[in-house]
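Novice: Before we start, here is the structure in question, set down as structure tokens.
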Amino acid sequence: AVVSTQSGHYGRDRELHLEDENLWSNFRSAKECEKEIPRSVSSQVSAFQQVLIVQALRPDRLISSMQLFAQRALGVRELSPPVVNLKRLYQEQTRAEEPILILISPGSDVSQELQELAHQVVGPSNYVQVAMGQGQSQYALQQLRECAGKG
């Protein structure tokens, strides 16, 4: 890995001091090495170059290194969106005059939580759930019209 790093960084191998065992010992043995790049090195290279160092020297930590890079670049603590509490969302951010549209990503399913909330708030007879797709658009529109008419 050191050889490929040396040939790929256009002379940066001297700046990285890869031959210095003491300098790199914490990095090499660290559980989260992406957070242990020697300060004398990290101050001389960009954040993305630090990811490349991890890729070359500790490829087992590449994904974590890329996540850390993204978090720092975006200025966020977590890359995953926070879990949405539908009850709190309903109480704090909805109005009776506005419909609620919930878009989910593959693998997430809020239908059970939504159904429980709807049963508590409006009762089961006033709640209609339609899974979009497979030709459900006409049925969904019909249900919207009926619900809007009933108030």
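Residues in the structure tokens are named by chain (A, B, ... in the order shown) and by number from 1 within that chain; ligands are numbered from 1 in the order shown.
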With a distance cut-off of 12 Å and only C-alpha atoms, select the neighbouring residues of range 134-145 of chain A, excluding the residue or stretch itself and same-chain residues fewer than 6 positions from it, and output the selection as a PyMOL selection string.
Specialist: chain A and resi 98-101+126-128+151
Novice: May I have all residues of range 13-78 of chain A that DSSP, computed from the backbone, assigns to helix (DSSP H, G or I), given as an MDAnalysis selection string?
Specialist: chainID A and resid 13:16 21:29 33:35 39:42 47:57 59:74
Novice: Tell me, in Å to one decimal, how far CA of Cys33 in chain A is from CA of Met66 in chain A.
Specialist: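 Here the two named atoms are 12.2 Å from each other.
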Novice: Just the number, please: distance in Å from CA of Ala30 in chain A to CA of Gln67 in chain A, one decimal.
Specialist: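 Those two atoms sit 17.0 Å apart.
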Novice: Can you tell me, as a PyMOL selection string, what residues are no more than 8 Å from range 22-26 of chain A when counting only C-alpha atoms, ignoring any on the same chain fewer than 3 positions away?
Specialist: chain A and resi 17-18+29-30+33+36-38
Novice: Mind pulling up the distance from CA of Glu15 in chain A to CA of Glu34 in chain A?
Specialist: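 Spanning CA of Glu34 in chain A to CA of Glu15 in chain A is a straight-line distance of 18.0 Å.
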Novice: For Val122 in chain A, which residue among A:Ser64, A:Ala96, A:Leu16, A:Val83 is the nearest when counting only C-alpha atoms?
Specialist: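 Among the listed residues, the smallest separation from Val122 in chain A belongs to A:Ala96.
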Novice: Taking only C-alpha atoms into account, name the residue in A:Val84, A:Ala56, A:Ala47, A:Val41 that is nearest to Ala70 in chain A.
Specialist: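 Closest to Ala70 in chain A of all the choices is A:Ala47.
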